[in-house]
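Student: What follows is the file run_39.tsv, containing TSV, C-alpha atoms:
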```
chain	number	residue	atom	x	y	z
A	1280	MET	CA	118.54	116.87	107.30
A	1281	ASP	CA	117.13	113.49	108.11
A	1282	ARG	CA	114.62	114.61	110.66
A	1283	LEU	CA	111.87	117.09	110.13
A	1284	ASP	CA	112.05	118.43	113.67
A	1285	GLN	CA	115.55	119.70	112.89
A	1286	LEU	CA	114.07	122.31	110.58
A	1287	THR	CA	114.54	125.79	111.99
A	1288	GLN	CA	112.79	129.01	111.08
A	1289	ILE	CA	115.64	129.79	108.68
A	1290	HIS	CA	115.06	126.51	106.86
A	1291	LEU	CA	111.36	127.19	106.59
A	1292	ASP	CA	112.06	130.68	105.26
A	1293	VAL	CA	114.37	129.24	102.61
A	1294	LEU	CA	111.67	126.79	101.51
A	1295	LYS	CA	109.14	129.63	101.34
A	1296	GLU	CA	111.52	131.60	99.19
A	1297	ILE	CA	111.79	128.63	96.84
A	1298	GLY	CA	108.00	128.60	96.53
A	1299	ASN	CA	107.99	132.36	95.95
A	1300	ILE	CA	110.57	132.33	93.21
A	1301	GLY	CA	109.21	129.27	91.43
A	1302	ALA	CA	105.56	130.24	91.49
A	1303	GLY	CA	106.38	133.88	90.79
A	1304	ASN	CA	108.06	132.86	87.58
A	1305	ALA	CA	105.20	130.54	86.68
A	1306	ALA	CA	102.68	133.32	87.37
A	1307	THR	CA	104.58	135.57	84.97
A	1308	ALA	CA	104.48	132.86	82.32
A	1309	LEU	CA	100.74	132.36	82.76
A	1310	SER	CA	100.18	136.10	82.70
A	1311	GLU	CA	101.92	136.30	79.34
A	1312	LEU	CA	99.94	133.36	78.00
A	1313	LEU	CA	96.56	134.75	78.99
A	1314	ASN	CA	97.48	138.41	78.78
A	1315	LYS	CA	95.99	138.91	82.23
A	1316	LYS	CA	97.22	139.89	85.64
A	1317	ILE	CA	98.08	136.81	87.71
A	1318	ASP	CA	98.64	136.98	91.46
A	1319	MET	CA	100.31	134.45	93.69
A	1320	SER	CA	99.79	133.57	97.33
A	1321	ILE	CA	102.38	133.53	100.07
A	1322	PRO	CA	103.79	129.99	100.02
A	1323	TYR	CA	102.81	127.59	102.77
A	1324	ILE	CA	105.27	125.06	104.05
A	1325	LYS	CA	103.47	122.07	105.44
A	1326	ILE	CA	104.88	118.96	107.03
A	1327	VAL	CA	102.19	116.37	106.54
A	1328	ASP	CA	101.64	112.65	106.62
A	1329	PHE	CA	100.09	111.14	103.52
A	1330	ASN	CA	96.52	111.18	104.77
A	1331	GLU	CA	96.84	114.84	105.79
A	1332	LEU	CA	98.27	115.67	102.38
A	1333	ILE	CA	95.24	114.11	100.67
A	1334	ASP	CA	92.88	116.00	102.99
A	1335	LEU	CA	94.53	119.26	101.94
A	1336	VAL	CA	93.36	118.75	98.38
A	1337	GLY	CA	89.81	117.90	99.44
A	1338	GLY	CA	89.91	114.20	100.34
A	1339	PRO	CA	90.96	110.99	98.60
A	1340	GLU	CA	88.05	110.76	96.17
A	1341	ARG	CA	88.01	114.38	95.11
A	1342	LEU	CA	88.31	114.68	91.33
A	1343	ILE	CA	91.37	116.76	90.46
A	1344	VAL	CA	93.26	117.75	87.35
A	1345	ALA	CA	96.98	117.33	87.92
A	1346	VAL	CA	100.11	117.86	85.92
A	1347	PHE	CA	102.79	115.73	87.48
A	1348	LEU	CA	106.50	115.60	86.89
A	1349	ARG	CA	109.51	114.17	88.64
A	1350	ILE	CA	112.52	116.34	89.22
A	1351	GLN	CA	115.78	114.59	88.45
A	1352	GLY	CA	119.35	115.74	89.01
A	1353	ASP	CA	120.99	117.15	92.15
A	1354	ALA	CA	117.87	117.41	94.30
A	1355	PRO	CA	115.20	114.94	93.18
A	1356	GLY	CA	111.57	115.45	94.07
A	1357	SER	CA	108.01	115.47	92.83
A	1358	MET	CA	106.02	118.36	91.54
A	1359	PHE	CA	102.31	118.78	90.91
A	1360	PHE	CA	100.30	121.57	89.38
A	1361	ILE	CA	96.78	120.96	90.62
A	1362	LEU	CA	93.47	122.47	89.57
A	1363	SER	CA	89.87	121.62	90.22
A	1364	PRO	CA	87.98	120.49	87.09
A	1365	GLU	CA	86.13	123.85	87.13
A	1366	GLU	CA	89.40	125.78	87.32
A	1367	ALA	CA	90.80	123.70	84.47
A	1368	ASP	CA	87.67	124.42	82.42
A	1369	THR	CA	88.13	128.16	82.92
A	1370	LEU	CA	91.80	127.97	82.04
A	1371	VAL	CA	91.24	126.03	78.82
A	1372	GLN	CA	88.28	128.19	77.86
A	1373	GLN	CA	90.42	131.29	78.15
A	1374	LEU	CA	93.29	129.73	76.23
A	1375	THR	CA	91.30	128.26	73.37
A	1376	GLY	CA	88.33	130.63	73.27
A	1377	ASP	CA	86.06	127.56	73.39
A	1378	ASN	CA	83.52	128.41	76.07
A	1379	HIS	CA	81.88	124.99	76.04
A	1380	PHE	CA	84.95	123.11	77.05
A	1381	GLN	CA	84.58	120.69	79.95
A	1382	THR	CA	87.47	118.84	81.49
A	1383	THR	CA	85.32	115.86	82.37
A	1384	LEU	CA	84.61	115.32	78.68
A	1385	MET	CA	88.22	115.80	77.74
A	1386	GLU	CA	88.72	112.37	76.24
A	1387	ASP	CA	86.55	113.55	73.35
A	1388	ASN	CA	88.58	116.70	72.89
A	1389	PRO	CA	92.25	116.06	72.12
A	1390	LEU	CA	92.93	119.74	71.40
A	1391	ALA	CA	91.81	120.80	74.86
A	1392	TYR	CA	93.75	117.97	76.46
A	1393	SER	CA	96.82	119.05	74.59
A	1394	ALA	CA	96.28	122.72	75.52
A	1395	LEU	CA	95.99	121.88	79.19
A	1396	SER	CA	99.06	119.63	79.12
A	1397	GLU	CA	101.02	122.36	77.45
A	1398	VAL	CA	100.04	124.97	80.03
A	1399	GLY	CA	101.08	122.50	82.71
A	1400	ASN	CA	104.41	122.03	80.92
A	1401	ILE	CA	105.06	125.73	80.63
A	1402	LEU	CA	104.11	126.54	84.21
A	1403	SER	CA	105.97	123.68	85.84
A	1404	GLY	CA	108.95	124.28	83.57
A	1405	SER	CA	109.17	127.94	84.51
A	1406	TYR	CA	108.80	127.09	88.20
A	1407	LEU	CA	111.60	124.58	87.97
A	1408	SER	CA	114.00	126.60	85.84
A	1409	SER	CA	113.85	129.55	88.24
A	1410	LEU	CA	114.42	127.15	91.09
A	1411	SER	CA	117.41	125.72	89.32
A	1412	ASP	CA	118.84	129.22	88.66
A	1413	PHE	CA	118.25	130.32	92.24
A	1414	THR	CA	119.88	127.30	93.84
A	1415	THR	CA	122.45	126.68	91.09
A	1416	LEU	CA	121.45	123.04	91.39
A	1417	ASN	CA	121.13	120.91	88.29
A	1418	LEU	CA	117.41	120.07	88.14
A	1419	GLN	CA	115.78	118.41	85.17
A	1420	PRO	CA	112.10	117.71	84.80
A	1421	THR	CA	110.72	114.50	83.35
A	1422	VAL	CA	108.07	114.94	80.69
A	1423	PRO	CA	105.00	116.14	82.59
A	1424	THR	CA	101.85	114.01	82.51
A	1425	LEU	CA	98.32	115.28	82.76
A	1426	VAL	CA	95.94	113.10	84.78
A	1427	ILE	CA	92.33	113.65	85.78
A	1428	ASP	CA	91.27	111.28	88.52
A	1429	MET	CA	90.82	110.84	92.25
A	1430	ALA	CA	93.22	112.94	94.33
A	1431	ALA	CA	94.68	110.09	96.37
A	1432	ALA	CA	95.24	107.90	93.31
A	1433	ILE	CA	97.26	110.64	91.63
A	1434	LEU	CA	99.16	112.04	94.60
A	1435	MET	CA	100.23	108.73	96.11
A	1436	GLU	CA	101.76	107.45	92.89
A	1437	GLY	CA	103.69	110.72	92.71
A	1438	LEU	CA	104.96	110.16	96.23
A	1439	VAL	CA	106.32	106.66	95.79
A	1440	GLU	CA	109.94	107.80	96.07
A	1441	ILE	CA	109.27	109.83	99.20
A	1442	SER	CA	107.21	107.08	100.82
A	1443	GLN	CA	110.08	104.60	100.46
A	1444	GLU	CA	112.00	106.43	103.14
A	1445	SER	CA	109.49	108.52	105.02
A	1446	ASP	CA	105.94	108.63	106.31
A	1447	TYR	CA	105.89	112.40	105.99
A	1448	ALA	CA	106.33	114.86	103.18
A	1449	ILE	CA	107.40	118.48	103.27
A	1450	MET	CA	105.16	120.33	100.89
A	1451	ILE	CA	105.76	123.77	99.47
A	1452	ASP	CA	102.32	124.97	98.40
A	1453	THR	CA	101.85	128.12	96.35
A	1454	MET	CA	98.66	129.23	94.68
A	1455	ILE	CA	98.44	131.38	91.58
A	1456	GLU	CA	95.22	133.04	90.52
A	1457	GLU	CA	93.84	135.60	88.19
A	1458	GLY	CA	94.22	139.02	89.75
A	1459	GLU	CA	91.23	140.74	88.19
A	1460	ASN	CA	87.77	140.35	89.66
A	1461	GLY	CA	84.61	139.27	87.97
A	1462	GLY	CA	83.47	135.97	86.54
A	1463	THR	CA	85.17	132.67	87.10
A	1464	GLN	CA	88.85	132.90	87.81
A	1465	VAL	CA	91.82	130.89	86.78
A	1466	LYS	CA	93.73	129.47	89.69
A	1467	GLY	CA	95.87	126.52	90.56
A	1468	HIS	CA	98.22	125.13	93.18
A	1469	PHE	CA	101.84	124.18	92.84
A	1470	PHE	CA	102.98	121.45	95.18
A	1471	LEU	CA	106.71	120.90	95.36
A	1472	LEU	CA	107.69	117.83	97.36
A	1473	PRO	CA	111.44	117.29	97.50
A	1474	ASP	CA	112.66	113.77	98.29
A	1475	PRO	CA	113.92	113.49	101.87
A	1476	GLU	CA	117.60	113.48	100.90
A	1477	SER	CA	117.20	116.61	98.76
A	1478	PHE	CA	116.66	119.03	101.62
A	1479	ALA	CA	120.26	118.99	102.81
A	1480	LYS	CA	121.39	119.67	99.23
A	1481	ILE	CA	118.96	122.54	98.77
A	1482	PHE	CA	119.98	124.14	102.06
A	1483	ARG	CA	123.66	123.68	101.34
A	1484	ALA	CA	123.28	125.18	97.88
A	1485	LEU	CA	121.73	128.26	99.43
A	1486	GLY	CA	124.35	128.60	102.14
A	1487	VAL	CA	122.19	127.52	105.07
A	1488	GLN	CA	124.00	125.28	107.51
A	1489	ASN	CA	122.47	122.13	108.86
A	1490	GLN	CA	122.61	121.90	112.62
B	837	MET	CA	69.08	96.82	115.61
B	838	ILE	CA	72.65	97.84	114.86
B	839	THR	CA	73.10	100.48	112.23
B	840	SER	CA	75.73	99.84	109.63
B	841	THR	CA	78.70	102.17	109.66
B	842	ILE	CA	81.50	102.53	107.16
B	843	VAL	CA	84.94	101.92	108.60
B	844	LYS	CA	87.36	104.09	106.63
B	845	VAL	CA	90.84	102.80	105.99
B	846	GLY	CA	93.43	105.50	105.27
B	847	ILE	CA	96.59	105.29	103.21
B	848	ALA	CA	99.08	102.83	104.69
B	849	ASP	CA	96.43	101.74	107.17
B	850	VAL	CA	94.85	98.44	108.29
B	851	LYS	CA	91.43	97.96	109.88
B	852	VAL	CA	88.96	95.16	110.60
B	853	ALA	CA	85.15	95.17	110.80
B	854	ASN	CA	82.25	92.81	111.48
B	855	ALA	CA	78.94	92.71	109.63
B	856	PRO	CA	76.80	94.80	109.33
B	857	HIS	CA	79.62	97.33	109.15
B	858	LEU	CA	81.46	97.99	105.91
B	859	LEU	CA	85.12	98.59	105.12
B	860	LYS	CA	86.11	101.30	102.70
B	861	THR	CA	89.26	102.81	101.25
B	862	SER	CA	89.26	105.65	98.75
B	863	GLY	CA	91.43	106.72	95.87
B	864	LEU	CA	93.60	103.68	95.27
B	865	GLY	CA	96.02	104.44	92.44
B	866	SER	CA	99.18	102.40	92.40
B	867	CYS	CA	98.28	101.35	95.94
B	868	VAL	CA	96.52	98.02	96.47
B	869	GLY	CA	93.54	97.38	98.72
B	870	VAL	CA	93.65	93.85	100.14
B	871	VAL	CA	90.63	92.34	101.84
B	872	ILE	CA	90.95	89.16	103.90
B	873	TYR	CA	87.72	87.79	105.28
B	874	ASP	CA	85.98	84.95	107.04
B	875	LEU	CA	82.50	84.65	105.57
B	876	LYS	CA	81.25	82.28	108.29
B	877	LEU	CA	82.09	84.70	111.08
B	878	LYS	CA	81.36	87.69	108.85
B	879	VAL	CA	84.62	89.32	109.86
B	880	ALA	CA	86.87	91.12	107.40
B	881	GLY	CA	89.99	93.25	107.34
B	882	LEU	CA	91.26	95.72	104.77
B	883	ALA	CA	94.84	96.88	104.23
B	884	HIS	CA	95.77	99.84	102.02
B	885	ILE	CA	99.21	98.87	100.73
B	886	MET	CA	101.52	101.50	99.21
B	887	LEU	CA	104.76	99.67	98.58
B	888	PRO	CA	105.80	96.10	97.81
B	889	ASP	CA	108.66	95.39	100.13
B	890	SER	CA	109.55	96.54	103.66
B	891	THR	CA	113.11	95.28	103.34
B	892	ALA	CA	113.85	97.84	100.61
B	893	SER	CA	113.74	100.67	103.12
B	894	LYS	CA	116.88	101.70	104.95
B	895	ARG	CA	115.06	103.30	107.86
B	896	GLU	CA	113.89	102.03	111.21
B	897	ASN	CA	110.62	103.13	112.80
B	898	ARG	CA	108.67	102.80	109.63
B	899	ASN	CA	105.00	102.18	109.41
B	900	GLY	CA	104.62	98.45	108.72
B	901	MET	CA	101.12	98.93	107.33
B	902	LYS	CA	102.65	100.64	104.30
B	903	TYR	CA	104.20	97.51	102.77
B	904	ALA	CA	102.67	94.37	101.24
B	905	ASP	CA	104.71	91.90	103.29
B	906	THR	CA	104.38	93.48	106.74
B	907	GLY	CA	100.96	95.03	106.12
B	908	ILE	CA	99.33	91.68	105.34
B	909	ASP	CA	100.97	90.14	108.42
B	910	LEU	CA	99.49	92.92	110.55
B	911	LEU	CA	96.09	92.43	108.93
B	912	LEU	CA	96.19	88.69	109.64
B	913	GLU	CA	97.15	89.33	113.28
B	914	LEU	CA	94.16	91.62	113.74
B	915	LEU	CA	91.84	89.03	112.19
B	916	ILE	CA	93.18	86.22	114.36
B	917	LYS	CA	92.47	88.40	117.42
B	918	GLN	CA	88.87	88.49	116.18
B	919	GLY	CA	88.80	84.72	116.38
B	920	VAL	CA	88.82	83.82	112.68
B	921	ASN	CA	89.72	80.36	111.52
B	922	LYS	CA	92.91	80.68	109.50
B	923	HIS	CA	91.79	77.96	107.11
B	924	SER	CA	88.52	79.57	106.14
B	925	LEU	CA	90.08	82.89	105.16
B	926	LYS	CA	89.66	84.20	101.63
B	927	ALA	CA	91.07	87.28	99.93
B	928	LYS	CA	90.06	89.81	97.31
B	929	LEU	CA	92.13	92.68	95.99
B	930	ALA	CA	91.89	95.78	93.87
B	931	GLY	CA	94.18	98.61	92.77
B	932	GLY	CA	97.71	98.60	91.39
B	933	ALA	CA	96.92	101.01	88.57
B	934	HIS	CA	99.47	102.87	86.54
B	935	MET	CA	98.38	106.50	86.75
B	936	PHE	CA	101.18	108.16	84.82
B	937	ALA	CA	101.76	107.00	81.30
B	938	PHE	CA	105.38	108.11	81.06
B	939	ARG	CA	106.55	106.29	84.15
B	940	SER	CA	107.28	102.95	82.63
B	941	ASP	CA	111.02	102.80	82.30
B	942	ASN	CA	112.32	101.74	85.69
B	943	GLN	CA	111.37	99.62	88.67
B	944	MET	CA	110.07	102.52	90.73
B	945	LEU	CA	107.70	103.42	87.98
B	946	ARG	CA	106.02	100.02	87.73
B	947	ILE	CA	105.02	100.41	91.33
B	948	GLY	CA	101.37	99.43	90.86
B	949	GLU	CA	102.26	96.19	89.15
B	950	ARG	CA	104.93	95.43	91.75
B	951	ASN	CA	102.47	96.06	94.57
B	952	VAL	CA	100.04	93.56	93.05
B	953	GLU	CA	102.79	90.96	92.56
B	954	ALA	CA	103.96	91.39	96.15
B	955	VAL	CA	100.44	91.09	97.57
B	956	ILE	CA	99.72	87.93	95.58
B	957	LEU	CA	103.04	86.41	96.60
B	958	LYS	CA	102.37	87.13	100.26
B	959	LEU	CA	98.82	85.71	100.13
B	960	ASN	CA	100.15	82.58	98.43
B	961	GLN	CA	102.77	82.15	101.13
B	962	LEU	CA	100.02	82.36	103.74
B	963	ASN	CA	97.83	79.91	101.77
B	964	ILE	CA	94.97	82.37	101.58
B	965	PRO	CA	93.07	81.83	98.31
B	966	ILE	CA	92.36	84.89	96.18
B	967	LEU	CA	88.76	84.67	94.99
B	968	ALA	CA	88.65	87.83	92.90
B	969	GLN	CA	90.76	90.76	91.82
B	970	ASP	CA	90.44	93.96	89.85
B	971	VAL	CA	93.93	95.30	89.23
B	972	GLY	CA	95.98	97.32	86.78
B	973	GLY	CA	94.65	99.82	84.28
B	974	ASN	CA	95.13	103.56	84.61
B	975	LYS	CA	92.20	104.63	86.78
B	976	GLY	CA	91.91	105.35	90.47
B	977	ARG	CA	89.55	103.11	92.47
B	978	THR	CA	87.47	103.44	95.59
B	979	ILE	CA	86.53	100.11	97.13
B	980	GLU	CA	84.01	99.00	99.71
B	981	PHE	CA	83.73	95.55	101.24
B	982	ASP	CA	80.70	94.01	102.90
B	983	PRO	CA	81.73	91.30	105.41
B	984	ASP	CA	78.14	90.02	105.35
B	985	THR	CA	78.07	89.10	101.65
B	986	GLY	CA	81.79	88.90	100.89
B	987	LEU	CA	81.32	91.28	97.99
B	988	LEU	CA	83.80	93.96	97.03
B	989	SER	CA	82.37	96.94	95.16
B	990	ILE	CA	84.68	99.06	93.05
B	991	LYS	CA	84.05	102.58	91.88
B	992	THR	CA	86.11	104.44	89.30
B	993	VAL	CA	85.71	107.93	87.86
B	994	ASN	CA	83.30	108.07	84.91
B	995	SER	CA	82.29	104.43	84.92
B	996	GLU	CA	79.72	102.12	86.45
B	997	MET	CA	80.30	100.61	89.85
B	998	LYS	CA	81.22	96.96	89.69
B	999	CYS	CA	81.09	94.14	92.19
B	1000	ILE	CA	83.51	91.24	92.47
```
Translate this file's structure into structure tokens.

Tutor:
Amino acid sequence: MDRLDQLTQIHLDVLKEIGNIGAGNAATALSELLNKKIDMSIPYIKIVDFNELIDLVGGPERLIVAVFLRIQGDAPGSMFFILSPEEADTLVQQLTGDNHFQTTLMEDNPLAYSALSEVGNILSGSYLSSLSDFTTLNLQPTVPTLVIDMAAAILMEGLVEISQESDYAIMIDTMIEEGENGGTQVKGHFFLLPDPESFAKIFRALGVQNQ
Amino acid sequence: MITSTIVKVGIADVKVANAPHLLKTSGLGSCVGVVIYDLKLKVAGLAHIMLPDSTASKRENRNGMKYADTGIDLLLELLIKQGVNKHSLKAKLAGGAHMFAFRSDNQMLRIGERNVEAVILKLNQLNIPILAQDVGGNKGRTIEFDPDTGLLSIKTVNSEMKCI
């Protein structure tokens, strides 16, 4: 699977299913943490160049809160859990019961920083472990890092491995959000970006033949 | 009267501009923004470099603007087409941050630092003096260059804009 135009509908469906299973598991974990109903979107598979990827998150200078980890093992890749600062505020407020919490002032609040990192760990870990079970591939996460900064600055450093070999990335985007109405809602996006050489391994593990 | 416009340079992109227009690239993390300019002619070019070395890639058909070595060559070519004098060129650079604390153990993970090293090496090979730089750290940067004054302004999240 060296070329993106070789992807067929079956391949795209397999990638969607990966997003479904991973984010579904993460949504369950978040639901248990917050004791609330959490919904997830239908995954989008997008084949984007780097500038398009940045535009999808609101432009290069957009301030985002991101938990980033590298996936190591059989099918390496990068994974981000991305929230807007407002979404991160809501999430931490619900977790800690501190209604004054603001992400932008996080450097003064180590407890909140730690809470947000831990949620990122739990959610990305549950995404990845279900993915590993589903594909029977050996996938290990690096320690996730929480960063709050400009979107392009964060995303591009996470894409260094992919950019070595490609000018495009295949992104599996799934959104999870609080299911109940009223007030500000918790939501966030999972971006899974397998390295170019990982696609063939993922498809093979799931019994889909490469043309 | 010509109104000043901002020429935006994307990721792995190279552009040139004349005064009164400005050059801008946003959200530099481990990437490096390199400006080469001729203050007499008030012409400048900006390259948004992602990776240090084009020869490390196994693939053909890659985008040369992505790498320090080939990207700076492309930038210089564009400037020479604008009629700059090679000997009056100067350079300024910014970026090469280290956004993720944990990624420090292998070569891939020092990418910001390696980008800066590669850019400086390339500029030295071309005998283009570097007049100012703002590199490293762990913050994203947005930079804007004014070919009229030769000043590079740098914006980071939660801190004052600075000019070099």

Student: Hey, list the chain A side of the contact with chain B: 10 Å cut-off, all atoms listed in the file, answer as a ChimeraX atom specification.

Tutor: /A:1328-1331,1333,1338-1342,1346-1349,1383-1384,1421-1440,1442-1446

Student: Counting all atoms listed in the file, which residues sit no farther than 12 Å from the position (80.5, 92.9, 106.4) in the file's frame? I'd like them as an MDAnalysis selection string.

Tutor: chainID B and resid 840:843 852:860 871:882 980:988

Student: Please give the centre and size of the box around range 846-857 of chain B (axis-aligned, containing every atom listed in the file, 4 Å added per side), with values in Å to one decimal and written as AutoDock Vina command-line options.

Tutor:
```
--center_x 87.9 --center_y 99.1 --center_z 107.3 --size_x 30.3 --size_y 20.8 --size_z 16.3
```

Student: What does the distance between CA of Ser1310 in chain A and CA of Leu1362 in chain A come to in Å, to one decimal place?

Tutor: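 The value is 16.7 Å.
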
Student: When you draw a straight line from CA of Ala1305 in chain A to CA of Val1487 in chain A, how long is it in Å?

Tutor: 25.2 Å

Student: Quick one: everything within 10 Å of Phe1360 in chain A, counting only C-alpha atoms, minus sequence neighbours fewer than 5 positions away in the same chain. Send it as a PyMOL selection string.

Tutor: chain A and resi 1344-1348+1398-1400+1402-1403+1423+1425+1452-1454+1467-1471

Student: Give me a file of those residues, with C-alpha atoms, as a compact mmCIF listing (two decimals), in the coordinates of the input.

Tutor:
```txt
# COMPACT_ATOMS: atom_id res chain seq x y z
CA VAL A 1344 93.26 117.75 87.35
CA ALA A 1345 96.98 117.33 87.92
CA VAL A 1346 100.11 117.86 85.92
CA PHE A 1347 102.79 115.73 87.48
CA LEU A 1348 106.50 115.60 86.89
CA VAL A 1398 100.04 124.97 80.03
CA GLY A 1399 101.08 122.50 82.71
CA ASN A 1400 104.41 122.03 80.92
CA LEU A 1402 104.11 126.54 84.21
CA SER A 1403 105.97 123.68 85.84
CA PRO A 1423 105.00 116.14 82.59
CA LEU A 1425 98.32 115.28 82.76
CA ASP A 1452 102.32 124.97 98.40
CA THR A 1453 101.85 128.12 96.35
CA MET A 1454 98.66 129.23 94.68
CA GLY A 1467 95.87 126.52 90.56
CA HIS A 1468 98.22 125.13 93.18
CA PHE A 1469 101.84 124.18 92.84
CA PHE A 1470 102.98 121.45 95.18
CA LEU A 1471 106.71 120.90 95.36
```

Student: Given only C-alpha atoms as the basis, pick out the residue of A:Asp1412, A:Glu1476, A:Glu1456, A:Asp1292 nearest to Pro1355 in chain A.

Tutor: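 Among the listed residues, A:Glu1476 lies closest to Pro1355 in chain A.
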
Student: Which residues are close to Lys928 in chain B, i.e. within 7 Å by all atoms listed in the file, leaving aside same-chain residues fewer than 5 positions away? Reply as a list in words.

Tutor: Val870, Val871, Ile872, Ile966, Leu967, Ala968 and Gln969 of chain B

Student: CA of Asn963 in chain B to CA of His923 in chain B: how many Å, to one decimal?

Tutor: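 Interatomic distance, CA of Asn963 in chain B to CA of His923 in chain B: 8.3 Å.
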
Student: Choose the residue, out of B:Ala930, B:Ile1000, B:Ile908, B:Val845, that has the smallest atom-to-atom separation from Gln961 in chain B; count all atoms listed in the file.

Tutor: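 Comparing B:Ala930, B:Ile1000, B:Ile908, B:Val845 against Gln961 in chain B, the winner is B:Ile908.
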
Student: Between B:Gly900, B:Ser995, B:Ala883, B:Asp905, which one has atoms that come closest to Lys958 in chain B, using all atoms listed in the file?

Tutor: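 Looking only at the distances to Lys958 in chain B, the closest residue turns out to be B:Asp905.
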